[in-house]
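Trainee: Contents of protein_38.cif (mmCIF, C-alpha atoms) are below:
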data_work
#
loop_
_atom_site.label_atom_id
_atom_site.label_comp_id
_atom_site.auth_asym_id
_atom_site.auth_seq_id
_atom_site.Cartn_x
_atom_site.Cartn_y
_atom_site.Cartn_z
CA MET A 17 14.32 70.09 86.52
CA THR A 18 14.46 70.68 82.74
CA ASN A 19 12.42 73.85 83.10
CA PHE A 20 14.65 74.99 85.93
CA ILE A 21 17.80 74.48 83.83
CA LYS A 22 16.35 76.67 81.11
CA GLN A 23 16.24 79.61 83.50
CA GLY A 24 19.05 82.14 83.27
CA PHE A 25 19.75 81.81 86.95
CA LEU A 26 20.76 78.17 86.81
CA ARG A 27 22.86 78.67 83.69
CA ASN A 28 24.73 81.47 85.42
CA VAL A 29 25.20 79.50 88.62
CA MET A 30 26.37 76.44 86.68
CA VAL A 31 28.98 78.53 84.85
CA LEU A 32 30.11 80.26 88.01
CA GLY A 33 29.79 77.10 90.08
CA SER A 34 31.84 75.04 87.63
CA GLY A 35 34.64 77.58 87.81
CA THR A 36 34.38 77.67 91.58
CA ALA A 37 34.35 73.87 91.76
CA LEU A 38 37.41 73.59 89.52
CA ALA A 39 39.22 76.23 91.55
CA GLN A 40 38.36 74.38 94.75
CA LEU A 41 39.40 71.08 93.19
CA LEU A 42 42.81 72.51 92.36
CA ALA A 43 43.18 73.70 95.95
CA PHE A 44 42.05 70.31 97.24
CA LEU A 45 44.42 68.35 95.00
CA VAL A 46 47.50 70.16 96.30
CA MET A 47 46.49 69.89 99.96
CA PRO A 48 48.08 66.41 100.45
CA VAL A 49 51.34 67.97 99.21
CA VAL A 50 50.88 71.17 101.22
CA THR A 51 50.24 69.29 104.46
CA ARG A 52 53.54 67.48 103.98
CA LEU A 53 55.52 70.62 103.10
CA TYR A 54 54.25 72.77 105.96
CA SER A 55 53.74 72.13 109.64
CA PRO A 56 50.36 72.59 111.39
CA ALA A 57 51.84 75.67 113.09
CA GLU A 58 52.72 77.27 109.73
CA LEU A 59 49.26 76.57 108.35
CA GLY A 60 47.87 78.06 111.55
CA VAL A 61 49.80 81.29 110.87
CA LEU A 62 48.32 81.37 107.37
CA GLN A 63 44.82 80.93 108.78
CA ILE A 64 45.34 83.85 111.17
CA PHE A 65 46.59 86.00 108.26
CA LEU A 66 43.50 85.10 106.22
CA LEU A 67 41.22 85.79 109.17
CA ALA A 68 42.70 89.27 109.67
CA LEU A 69 42.43 89.93 105.94
CA LEU A 70 38.77 88.91 105.83
CA LEU A 71 37.96 91.04 108.87
CA MET A 72 39.52 94.14 107.30
CA MET A 73 38.25 93.61 103.75
CA PRO A 74 34.80 95.23 104.23
CA PHE A 75 36.51 98.49 105.21
CA SER A 76 38.48 98.51 101.97
CA HIS A 77 35.40 99.35 99.84
CA LEU A 78 32.64 100.01 102.44
CA GLY A 79 30.22 97.77 100.56
CA TYR A 80 29.35 100.25 97.81
CA HIS A 81 30.19 97.67 95.16
CA ALA A 82 26.99 95.78 96.06
CA ALA A 83 24.94 98.65 94.59
CA ILE A 84 26.49 98.22 91.12
CA PRO A 85 24.12 95.44 89.88
CA LEU A 86 21.12 97.64 90.77
CA GLN A 87 22.11 100.38 88.31
CA THR A 88 20.59 100.96 84.86
CA SER A 89 22.95 103.81 83.94
CA LYS A 90 26.53 103.15 82.88
CA VAL A 91 27.54 106.58 84.15
CA ARG A 92 26.33 105.70 87.64
CA VAL A 93 28.11 102.34 87.43
CA ILE A 94 31.47 103.85 86.52
CA ASN A 95 31.16 106.44 89.30
CA LEU A 96 30.33 103.75 91.85
CA ILE A 97 33.48 101.93 90.71
CA GLY A 98 35.46 105.15 91.05
CA LEU A 99 34.03 105.69 94.53
CA SER A 100 34.97 102.15 95.59
CA PHE A 101 38.49 102.43 94.17
CA GLY A 102 39.01 105.74 95.98
CA ILE A 103 37.97 104.16 99.27
CA VAL A 104 40.31 101.20 98.62
CA LEU A 105 43.27 103.53 98.08
CA LEU A 106 42.52 105.65 101.15
CA PHE A 107 42.02 102.71 103.47
CA GLY A 108 45.12 100.97 102.11
CA CYS A 109 47.25 103.99 103.03
CA ILE A 110 45.75 104.21 106.53
CA SER A 111 46.24 100.47 107.09
CA GLY A 112 49.85 100.67 105.95
CA LEU A 113 50.67 103.38 108.49
CA VAL A 114 48.98 101.55 111.36
CA LEU A 115 50.61 98.19 110.59
CA TYR A 116 54.04 99.71 109.99
CA PHE A 117 54.13 101.01 113.57
CA TYR A 118 51.91 98.53 115.44
CA GLY A 119 51.66 95.39 113.25
CA ALA A 120 53.87 93.18 115.40
CA ILE A 121 51.94 94.11 118.56
CA LEU A 122 48.54 93.49 116.97
CA PHE A 123 49.43 90.09 115.52
CA SER A 124 51.23 89.02 118.71
CA ALA A 125 47.82 89.03 120.38
CA LEU A 126 46.87 86.19 117.99
CA ASP A 127 50.09 84.25 118.65
CA ALA A 128 51.47 85.11 115.18
CA PRO A 129 53.94 88.01 115.64
CA GLU A 130 55.78 87.08 112.44
CA ILE A 131 52.84 88.38 110.37
CA GLY A 132 53.67 91.88 111.66
CA GLY A 133 56.93 91.68 109.73
CA TYR A 134 54.95 91.09 106.55
CA TRP A 135 52.70 94.14 107.04
CA TYR A 136 53.34 95.35 103.47
CA LEU A 137 52.09 92.03 102.05
CA PHE A 138 48.96 92.37 104.16
CA VAL A 139 48.26 95.87 102.80
CA ILE A 140 48.84 94.77 99.19
CA ALA A 141 46.52 91.78 99.62
CA LEU A 142 43.90 94.00 101.27
CA MET A 143 43.88 96.55 98.43
CA ALA A 144 43.93 93.88 95.73
CA GLY A 145 41.01 92.15 97.42
CA GLY A 146 38.99 95.38 97.53
CA VAL A 147 39.56 95.99 93.82
CA TYR A 148 38.65 92.39 93.02
CA GLU A 149 35.37 92.56 94.97
CA THR A 150 34.38 95.77 93.17
CA LEU A 151 35.16 94.39 89.73
CA THR A 152 33.34 91.15 90.54
CA SER A 153 30.17 93.18 91.17
CA LEU A 154 30.66 94.81 87.76
CA ALA A 155 30.93 91.37 86.18
CA VAL A 156 27.70 90.33 87.94
CA LYS A 157 26.03 93.46 86.58
CA GLU A 158 27.14 92.58 83.04
CA TYR A 159 26.26 88.89 83.42
CA ARG A 160 29.92 88.00 82.81
CA PHE A 161 29.81 84.89 84.98
CA GLY A 162 32.27 83.12 82.70
CA ASP A 163 34.85 85.81 83.47
CA ILE A 164 34.23 85.41 87.20
CA ALA A 165 34.70 81.64 86.89
CA LYS A 166 37.93 82.03 84.91
CA SER A 167 39.27 84.58 87.38
CA ARG A 168 38.72 82.17 90.24
CA ILE A 169 40.48 79.39 88.38
CA ASN A 170 43.42 81.73 87.71
CA GLN A 171 43.54 82.67 91.37
CA SER A 172 43.47 79.04 92.45
CA LEU A 173 46.22 78.09 89.99
CA VAL A 174 48.50 80.85 91.20
CA TYR A 175 47.69 80.15 94.84
CA ALA A 176 48.28 76.40 94.50
CA ALA A 177 51.51 76.84 92.52
CA GLY A 178 52.76 79.34 95.08
CA ARG A 179 52.09 77.13 98.08
CA VAL A 180 53.80 74.12 96.49
CA GLY A 181 56.68 76.06 94.97
CA PHE A 182 57.43 78.11 98.07
CA GLY A 183 57.04 74.96 100.14
CA PHE A 184 59.82 73.21 98.23
CA LEU A 185 61.92 76.34 98.75
CA ALA A 186 61.26 75.94 102.49
CA LEU A 187 59.97 79.51 102.88
CA GLY A 188 57.53 78.44 105.58
CA ALA A 189 54.74 80.81 106.60
CA PHE A 190 56.20 83.62 104.47
CA GLY A 191 55.74 81.49 101.35
CA LEU A 192 52.13 80.72 102.27
CA ILE A 193 51.36 84.43 102.74
CA LEU A 194 53.16 85.38 99.53
CA SER A 195 51.05 82.86 97.61
CA VAL A 196 47.89 84.54 98.96
CA VAL A 197 49.05 87.93 97.69
CA ALA A 198 49.89 86.53 94.26
CA GLY A 199 46.50 84.83 94.06
CA GLN A 200 44.68 88.09 94.85
CA PHE A 201 46.11 89.70 91.70
CA ALA A 202 45.45 86.74 89.42
CA GLY A 203 41.82 87.60 88.62
CA ILE A 204 41.95 91.39 88.38
CA TYR A 205 43.28 91.73 84.83
CA ARG A 206 40.34 89.91 83.24
CA PHE A 207 37.87 92.22 84.95
CA LEU A 208 39.72 95.36 83.89
CA LYS A 209 39.09 94.25 80.31
CA ILE A 210 35.34 94.63 80.98
CA ILE A 211 35.83 98.30 81.85
CA SER A 212 37.98 98.80 78.78
CA ALA A 213 35.47 97.10 76.47
CA GLU A 214 32.11 98.17 77.94
CA TYR A 215 32.77 101.43 79.80
CA ARG A 216 35.53 103.17 77.87
CA LYS A 217 33.28 106.06 76.86
CA GLU A 218 31.95 106.50 80.38
CA LEU A 219 35.41 106.89 81.92
CA GLY A 220 35.23 110.58 81.06
CA SER A 221 32.06 110.84 83.17
CA LEU A 222 33.89 110.24 86.42
CA ASN A 223 33.36 113.20 88.71
CA ARG A 224 33.59 113.85 92.41
CA LYS A 225 30.12 115.38 92.71
CA MET A 226 28.35 112.28 91.40
CA MET A 227 30.48 110.01 93.57
CA ILE A 228 29.45 112.00 96.64
CA THR A 229 25.80 111.85 95.53
CA LEU A 230 25.97 108.08 95.07
CA ALA A 231 27.73 107.69 98.42
CA GLY A 232 24.76 109.41 100.04
CA ARG A 233 22.12 107.54 98.02
CA TYR A 234 23.54 104.12 98.93
CA ARG A 235 24.79 105.01 102.39
CA LYS A 236 22.88 102.06 103.86
CA PHE A 237 25.25 99.74 101.99
CA ALA A 238 28.15 101.32 103.88
CA LEU A 239 26.41 101.93 107.21
CA PHE A 240 24.89 98.44 107.51
CA ASN A 241 26.75 96.13 105.10
CA THR A 242 30.21 97.09 106.33
CA PRO A 243 29.70 96.33 110.04
CA SER A 244 27.51 93.37 109.08
CA SER A 245 30.26 91.91 106.88
CA ILE A 246 32.89 92.40 109.57
CA ILE A 247 30.72 90.83 112.25
CA GLY A 248 29.73 88.04 109.85
CA VAL A 249 33.33 87.23 108.96
CA PHE A 250 34.38 87.29 112.61
CA SER A 251 31.51 85.03 113.63
CA HIS A 252 32.13 82.76 110.65
CA TRP A 253 35.81 82.33 111.44
CA PHE A 254 35.46 82.73 115.18
CA PRO A 255 36.39 79.08 115.88
CA THR A 256 39.83 79.59 114.34
CA ALA A 257 40.49 82.73 116.39
CA TYR A 258 39.26 81.09 119.59
CA VAL A 259 41.31 77.94 119.01
CA ALA A 260 44.40 80.06 118.27
CA TRP A 261 43.83 81.91 121.55
CA GLN A 262 43.10 78.88 123.73
CA PHE A 263 44.95 75.95 122.17
CA GLY A 264 47.89 77.31 120.15
CA SER A 265 48.94 77.28 116.51
CA GLU A 266 49.22 73.48 116.08
CA THR A 267 45.60 72.84 117.05
CA THR A 268 44.67 75.88 114.95
CA GLY A 269 46.28 74.17 111.98
CA HIS A 270 44.16 71.05 112.52
CA VAL A 271 40.95 73.07 112.87
CA SER A 272 41.86 75.23 109.86
CA LEU A 273 42.17 72.14 107.65
CA ALA A 274 38.68 71.01 108.69
CA PHE A 275 37.33 74.46 107.88
CA PHE A 276 39.25 74.58 104.61
CA ILE A 277 37.65 71.34 103.42
CA LEU A 278 34.14 72.31 104.56
CA VAL A 279 33.70 76.03 105.15
CA ALA A 280 35.81 77.32 102.24
CA PRO A 281 33.81 75.34 99.63
CA MET A 282 30.64 76.32 101.50
CA ALA A 283 31.51 80.00 101.15
CA LEU A 284 32.52 79.64 97.50
CA VAL A 285 29.44 77.68 96.46
CA GLY A 286 27.22 79.97 98.52
CA GLY A 287 28.86 82.99 96.92
CA SER A 288 28.22 81.58 93.44
CA VAL A 289 24.56 81.00 94.21
CA GLU A 290 24.22 84.42 95.84
CA LYS A 291 25.76 86.26 92.87
CA GLY A 292 23.62 84.40 90.36
CA PHE A 293 20.48 84.88 92.45
CA TYR A 294 21.16 88.59 93.01
CA ALA A 295 21.82 89.23 89.32
CA GLU A 296 18.66 87.40 88.36
CA ILE A 297 16.33 89.15 90.80
CA CYS A 298 17.81 92.55 89.86
CA GLN A 299 16.83 91.76 86.26
CA LEU A 300 13.36 90.55 87.26
CA GLY A 301 12.67 93.56 89.45
CA LYS A 302 10.24 93.99 92.32
CA SER A 303 7.23 93.84 90.01
CA ARG A 304 7.83 90.12 89.40
CA GLY A 305 7.94 89.05 93.01
CA LYS A 306 6.17 85.73 92.49
CA GLU A 307 8.85 84.61 90.03
CA VAL A 308 11.55 85.58 92.52
CA ASN A 309 9.72 83.58 95.17
CA ARG A 310 9.50 80.44 93.01
CA LEU A 311 13.17 80.71 92.08
CA MET A 312 14.19 81.00 95.72
CA MET A 313 12.21 77.95 96.79
CA LYS A 314 13.73 75.86 94.00
CA ILE A 315 17.23 76.89 95.08
CA VAL A 316 16.55 75.77 98.65
CA LYS A 317 15.25 72.39 97.45
CA TYR A 318 18.14 71.64 95.10
CA MET A 319 20.80 72.80 97.57
CA LEU A 320 19.33 70.39 100.11
CA LEU A 321 19.36 67.48 97.66
CA LEU A 322 22.89 68.31 96.53
CA MET A 323 24.48 68.34 99.98
CA VAL A 324 22.87 65.40 101.79
CA VAL A 325 25.20 62.63 100.54
CA PRO A 326 28.62 64.36 100.94
CA ILE A 327 27.69 65.65 104.39
CA ALA A 328 26.59 62.16 105.48
CA VAL A 329 29.93 60.71 104.29
CA ILE A 330 31.94 63.22 106.31
CA MET A 331 29.79 62.72 109.41
CA LEU A 332 30.27 58.95 109.32
CA TRP A 333 33.86 58.57 108.05
CA GLY A 334 35.55 61.94 108.59
CA GLU A 335 38.51 60.73 110.64
CA PRO A 336 39.71 57.82 108.44
CA LEU A 337 38.99 59.85 105.30
CA PHE A 338 41.24 62.74 106.40
CA ALA A 339 43.95 60.35 107.58
CA PHE A 340 43.99 58.57 104.21
CA ILE A 341 44.01 61.74 102.10
CA PHE A 342 46.19 64.11 104.11
CA GLY A 343 48.29 61.85 106.29
CA GLN A 344 47.84 60.27 109.71
CA GLN A 345 48.83 63.42 111.59
CA TRP A 346 45.71 65.13 110.18
CA ALA A 347 43.20 62.47 111.30
CA VAL A 348 41.99 64.70 114.13
CA SER A 349 40.96 67.29 111.52
CA GLY A 350 38.49 64.71 110.23
CA GLU A 351 36.96 64.45 113.69
CA TYR A 352 36.50 68.22 113.76
CA ALA A 353 35.00 68.18 110.26
CA SER A 354 32.40 65.57 111.23
CA ILE A 355 31.21 67.87 114.02
CA ILE A 356 30.76 71.07 112.01
CA CYS A 357 29.62 69.62 108.67
CA ILE A 358 25.87 69.68 109.42
CA MET A 359 25.84 73.48 109.48
CA VAL A 360 26.97 73.49 105.83
CA ILE A 361 23.49 72.39 104.68
CA PHE A 362 21.77 75.13 106.64
CA TYR A 363 24.20 77.74 105.31
CA LEU A 364 23.78 76.83 101.64
CA CYS A 365 19.98 76.56 101.90
CA THR A 366 19.55 80.01 103.48
CA THR A 367 22.43 82.49 103.43
CA PRO A 368 22.81 83.04 99.63
CA MET A 369 19.15 84.02 99.37
CA VAL A 370 19.24 86.14 102.52
CA THR A 371 22.23 88.14 101.23
CA GLY A 372 20.63 88.71 97.85
CA LEU A 373 17.23 89.66 99.24
CA VAL A 374 18.41 92.20 101.82
CA ASN A 375 20.29 94.10 99.10
CA PHE A 376 17.38 93.71 96.66
CA ILE A 377 14.83 95.24 99.05
CA GLU A 378 17.49 97.51 100.67
CA GLN A 379 16.83 96.19 104.18
CA GLN A 380 20.46 95.72 105.21
CA GLU A 381 19.61 96.54 108.81
CA ILE A 382 18.00 93.10 109.16
CA GLN A 383 21.28 91.42 108.22
CA LEU A 384 23.16 93.64 110.66
CA TYR A 385 20.72 92.72 113.43
CA PHE A 386 21.24 88.99 112.96
CA ASP A 387 24.99 89.30 112.54
CA SER A 388 25.12 91.33 115.77
CA LEU A 389 23.01 88.69 117.51
CA ASN A 390 25.36 86.01 116.21
CA LEU A 391 28.35 87.98 117.52
CA VAL A 392 26.80 88.22 120.97
CA LEU A 393 26.09 84.50 120.98
CA VAL A 394 29.60 83.45 119.91
CA LEU A 395 31.20 85.79 122.45
CA ALA A 396 28.95 84.26 125.08
CA LEU A 397 30.06 80.87 123.80
CA ALA A 398 33.70 81.88 124.26
CA TRP A 399 33.03 82.93 127.87
CA PHE A 400 31.09 79.73 128.54
CA SER A 401 33.72 77.50 126.94
CA VAL A 402 36.50 79.06 129.00
CA SER A 403 34.39 78.82 132.16
CA VAL A 404 33.71 75.10 131.77
CA ASP A 405 37.12 74.35 130.24
CA ALA A 406 35.46 72.96 127.10
CA SER A 407 37.48 70.77 124.76
CA VAL A 408 37.95 71.66 121.10
CA LYS A 409 35.25 69.18 120.07
CA GLN A 410 32.75 70.54 122.57
CA PHE A 411 33.42 74.11 121.49
CA LEU A 412 32.96 73.26 117.79
CA LEU A 413 29.68 71.47 118.51
CA TYR A 414 28.29 74.48 120.40
CA TYR A 415 29.41 76.78 117.58
CA ALA A 416 27.72 74.62 114.94
CA LEU A 417 24.42 74.60 116.86
CA ILE A 418 24.45 78.38 117.25
CA SER A 419 25.18 78.83 113.54
CA ILE A 420 22.32 76.54 112.53
CA ALA A 421 19.87 78.50 114.69
CA ILE A 422 21.01 81.83 113.21
CA TYR A 423 20.90 80.64 109.59
CA ALA A 424 17.38 79.26 109.95
CA SER A 425 15.90 82.18 111.88
CA GLN A 426 17.31 84.94 109.66
CA PHE A 427 16.00 83.20 106.55
CA VAL A 428 12.50 83.13 108.02
CA VAL A 429 12.61 86.80 109.05
CA VAL A 430 14.04 88.06 105.75
CA TYR A 431 11.59 85.97 103.73
CA VAL A 432 8.61 87.32 105.70
CA ARG A 433 9.90 90.88 105.25
CA TYR A 434 10.42 90.30 101.55
CA ARG A 435 6.85 89.07 101.11
CA LYS A 436 5.53 92.11 102.94
CA ILE A 437 7.47 94.58 100.80
CA VAL A 438 7.36 92.90 97.39
CA MET A 439 4.73 90.18 97.26
CA ASN A 440 2.04 92.24 99.01
CA GLY A 441 3.18 95.59 97.66
CA ALA A 442 3.56 97.07 101.11
#
Written as structure tokens, that's how I'd like the structure from this file.
Mentor:
Amino acid sequence: MTNFIKQGFLRNVMVLGSGTALAQLLAFLVMPVVTRLYSPAELGVLQIFLLALLLMMPFSHLGYHAAIPLQTSKVRVINLIGLSFGIVLLFGCISGLVLYFYGAILFSALDAPEIGGYWYLFVIALMAGGVYETLTSLAVKEYRFGDIAKSRINQSLVYAAGRVGFGFLALGAFGLILSVVAGQFAGIYRFLKIISAEYRKELGSLNRKMMITLAGRYRKFALFNTPSSIIGVFSHWFPTAYVAWQFGSETTGHVSLAFFILVAPMALVGGSVEKGFYAEICQLGKSRGKEVNRLMMKIVKYMLLLMVVPIAVIMLWGEPLFAFIFGQQWAVSGEYASIICIMVIFYLCTTPMVTGLVNFIEQQEIQLYFDSLNLVLVLALAWFSVSVDASVKQFLLYYALISIAIYASQFVVVYVRYRKIVMNGA
């Protein structure tokens, strides 16, 4: 363990993870207040807004930001940033036009027509999120994990303050959505300082010809990562969309709390590990494949040891725990959490490494294949659940089992492919 701590990877993950943990702690601490200021239906509207935002986010930058850590030239880095920002602006304008005319109709299909009236907030949050993702990749490239951690804390502070403050003002779902928008902007300023400090001279090297060249060179990031991200987000948050469709906004609010407590930290911790792992293996390079392999196996082992106890607690005492912390009306959320919590271990032990490796060896088509397979399976699950009139608990159990199978199988396939390309020099 001492030798492992000395590695740059673990230092980076600990810095990023501590910021992520603190940000999540802030969000967790205000939840007992939030659940008393807002109704389950209002929290359900927020969850639908976040789901739509996550589904559209990959289009806002087309995944080109993931190529930034691979670069050795600052000129290429700044032009990749310029390319991503240009795509963000273009897609933001297109989204604004579509939502202005058809927003209410689109969100009515998800039983949340009021979001259509906030179309401008959706577009602002979408563009801010695209800029943030791009600048986060720059911070990963520069090993500025402390800045990423601080940006997440700032976002969580603004988000938490907004939800509580707007809740006391009785702004309802509008206040929840407004707090999301404010939180999206909270971390951007710190990252812009990196460009000012490290890339000021290269700003004059921005040119359309190089951006077009880079767009062609890394087209696989756009062609495969973009649909893969969209499918992955949809599959990941599919339970919320299905519950909203079949059971209404109140049940959606209960399910969303369970996912907030489990899946949101899972995604944040997994993202921290993935960014640290990706930065480290980009520095090591393909010529040091055995070191990458050892690092990956250690991550799997320590993720497993880290998650066993908290997952066991939620499985055994989820319902009374949620009732005590959030109020009796949220006890059912604890039941839902106890059903889906086992998939958290499989996610954290596989997905961060899979994401890093497919970009490292530029085999994004593998990720797209598994995400497409997952989409087919969850759509089949929706058809099956409707056919047999499955309860919420039954549906969540089926979803968790499908997710576990996908996480495990894609890790095996990507790892075998990695060994063939890097370890064996094929």
Trainee: What's around A:Ser244 at 6 Å? Count only C-alpha atoms, leave out sequence neighbours fewer than 4 positions away in its own chain, and write the answer as a list in words.
Mentor: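 In the requested format, the answer is Phe240, Gly248, Leu384 and Asp387 of chain A.
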Trainee: Measuring atom to atom with all atoms listed in the file, identify which of A:Ala398, A:Val316, A:Val61, A:Ile204 is nearest to A:Lys166.
Mentor: A:Ile204
Trainee: In Å, how far is it from atom CA of A:Pro255 to atom CA of A:Gly191?
Mentor: 24.3 Å
Trainee: Determine the residue membership of the PyMOL selection byres ((chain A and resi 151-159) around 9) for the file above and supply it as a PyMOL selection string.
Mentor: chain A and resi 28+81-87+93+97+146-150+160-164+204+207-208+210-211+291-292+294-295+298
Trainee: To one decimal in Å, tell me the separation between atom CA of A:Ala198 and atom CA of A:Leu66.
Mentor: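 Distance reported for this atom pair: 13.6 Å.
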Trainee: At a cut-off of 7 Å, using only C-alpha atoms, what residues contact A:Arg206? Leave out same-chain residues fewer than 3 positions from it and give the result as an mmCIF file with C-alpha atoms, in the frame of the given file.
Mentor:
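Generated file (selection_31.cif):
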data_model
loop_
_atom_site.group_PDB
_atom_site.id
_atom_site.type_symbol
_atom_site.label_atom_id
_atom_site.label_comp_id
_atom_site.auth_asym_id
_atom_site.auth_seq_id
_atom_site.Cartn_x
_atom_site.Cartn_y
_atom_site.Cartn_z
ATOM 1 C CA ASP A 163 34.850 85.810 83.470
ATOM 2 C CA SER A 167 39.270 84.580 87.380
ATOM 3 C CA GLY A 203 41.820 87.600 88.620
ATOM 4 C CA LYS A 209 39.090 94.250 80.310
#
Trainee: Find the distance between atom CA of A:Leu71 and atom CA of A:Phe250 and write it in Å to one decimal.
Mentor: 6.4 Å
Trainee: Using all atoms listed in the file, pick whichever of A:Ala213, A:Cys365, A:Cys357, A:Val374 has the shortest atom-to-atom distance to A:Val430.
Mentor: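 So, comparing all the options, the nearest one is A:Val374.
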Trainee: With only C-alpha atoms counted and 10 Å as the cut-off, give the residues of stretch 358-388 of chain A in contact with stretch 304-313 of chain A, each with its shortest interatomic distance in Å and the pair that gives it, as JSON lines.
Mentor:
{"residue": "A:Cys365", "atom": "CA", "partner": "A:Met313", "partner_atom": "CA", "distance": 9.4}
{"residue": "A:Thr366", "atom": "CA", "partner": "A:Met312", "partner_atom": "CA", "distance": 9.5}
{"residue": "A:Pro368", "atom": "CA", "partner": "A:Met312", "partner_atom": "CA", "distance": 9.7}
{"residue": "A:Met369", "atom": "CA", "partner": "A:Met312", "partner_atom": "CA", "distance": 6.9}
{"residue": "A:Val370", "atom": "CA", "partner": "A:Met312", "partner_atom": "CA", "distance": 9.9}
{"residue": "A:Leu373", "atom": "CA", "partner": "A:Val308", "partner_atom": "CA", "distance": 9.7}
Trainee: For A:Ile121, please output as a ChimeraX atom specification all residues within 8 Å (counting all atoms listed in the file; exclusion window: fewer than 4 positions along the same chain).
Mentor: /A:125,129,132
Trainee: Which one is closest to A:Arg235: A:Glu378, A:Asn95, A:Ser288, A:Val196? Count only C-alpha atoms.
Mentor: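 Smallest distance to A:Arg235 is found for A:Glu378.
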Trainee: So which residues touch A:Ala202 within 9 Å, counting all atoms listed in the file, skipping near sequence neighbours fewer than 5 positions away, as a VMD selection string?
Mentor: chain A and resid 167 to 175
Trainee: Tell me, as number ranges by chain, which residues lie within 7 Å of A:Tyr423, counting all atoms listed in the file; anything in the same chain fewer than 4 positions away does not count.
Mentor: A: 362-363, 366-367, 419, 427
Trainee: Select, from A:Leu194, A:Leu122, A:Ile246, A:Leu222, the residue with the minimum atom-to-atom distance to A:Phe75, counting only C-alpha atoms.
Mentor: A:Ile246
Trainee: Ranking A:Ala339, A:Val360, A:Val402, A:Ile420 by minimum distance to A:Pro326 and counting all atoms listed in the file, which one comes first?
Mentor: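 Looking at the shortest contact to A:Pro326, the residue is A:Val360.
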Trainee: May I ask which of the residues A:Asp405, A:Phe276, A:Leu105, A:Ile193 is the closest one to A:Leu137, counting all atoms listed in the file?
Mentor: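 For A:Leu137, the nearest of the given residues is A:Ile193.
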Trainee: Would you write out, as a PyMOL selection string, every residue that the PyMOL selection byres ((chain A and resi 103) around 12) captures in this file?
Mentor: chain A and resi 73-81+96-102+104-111+142-143+146-147+150+227-228+231+238
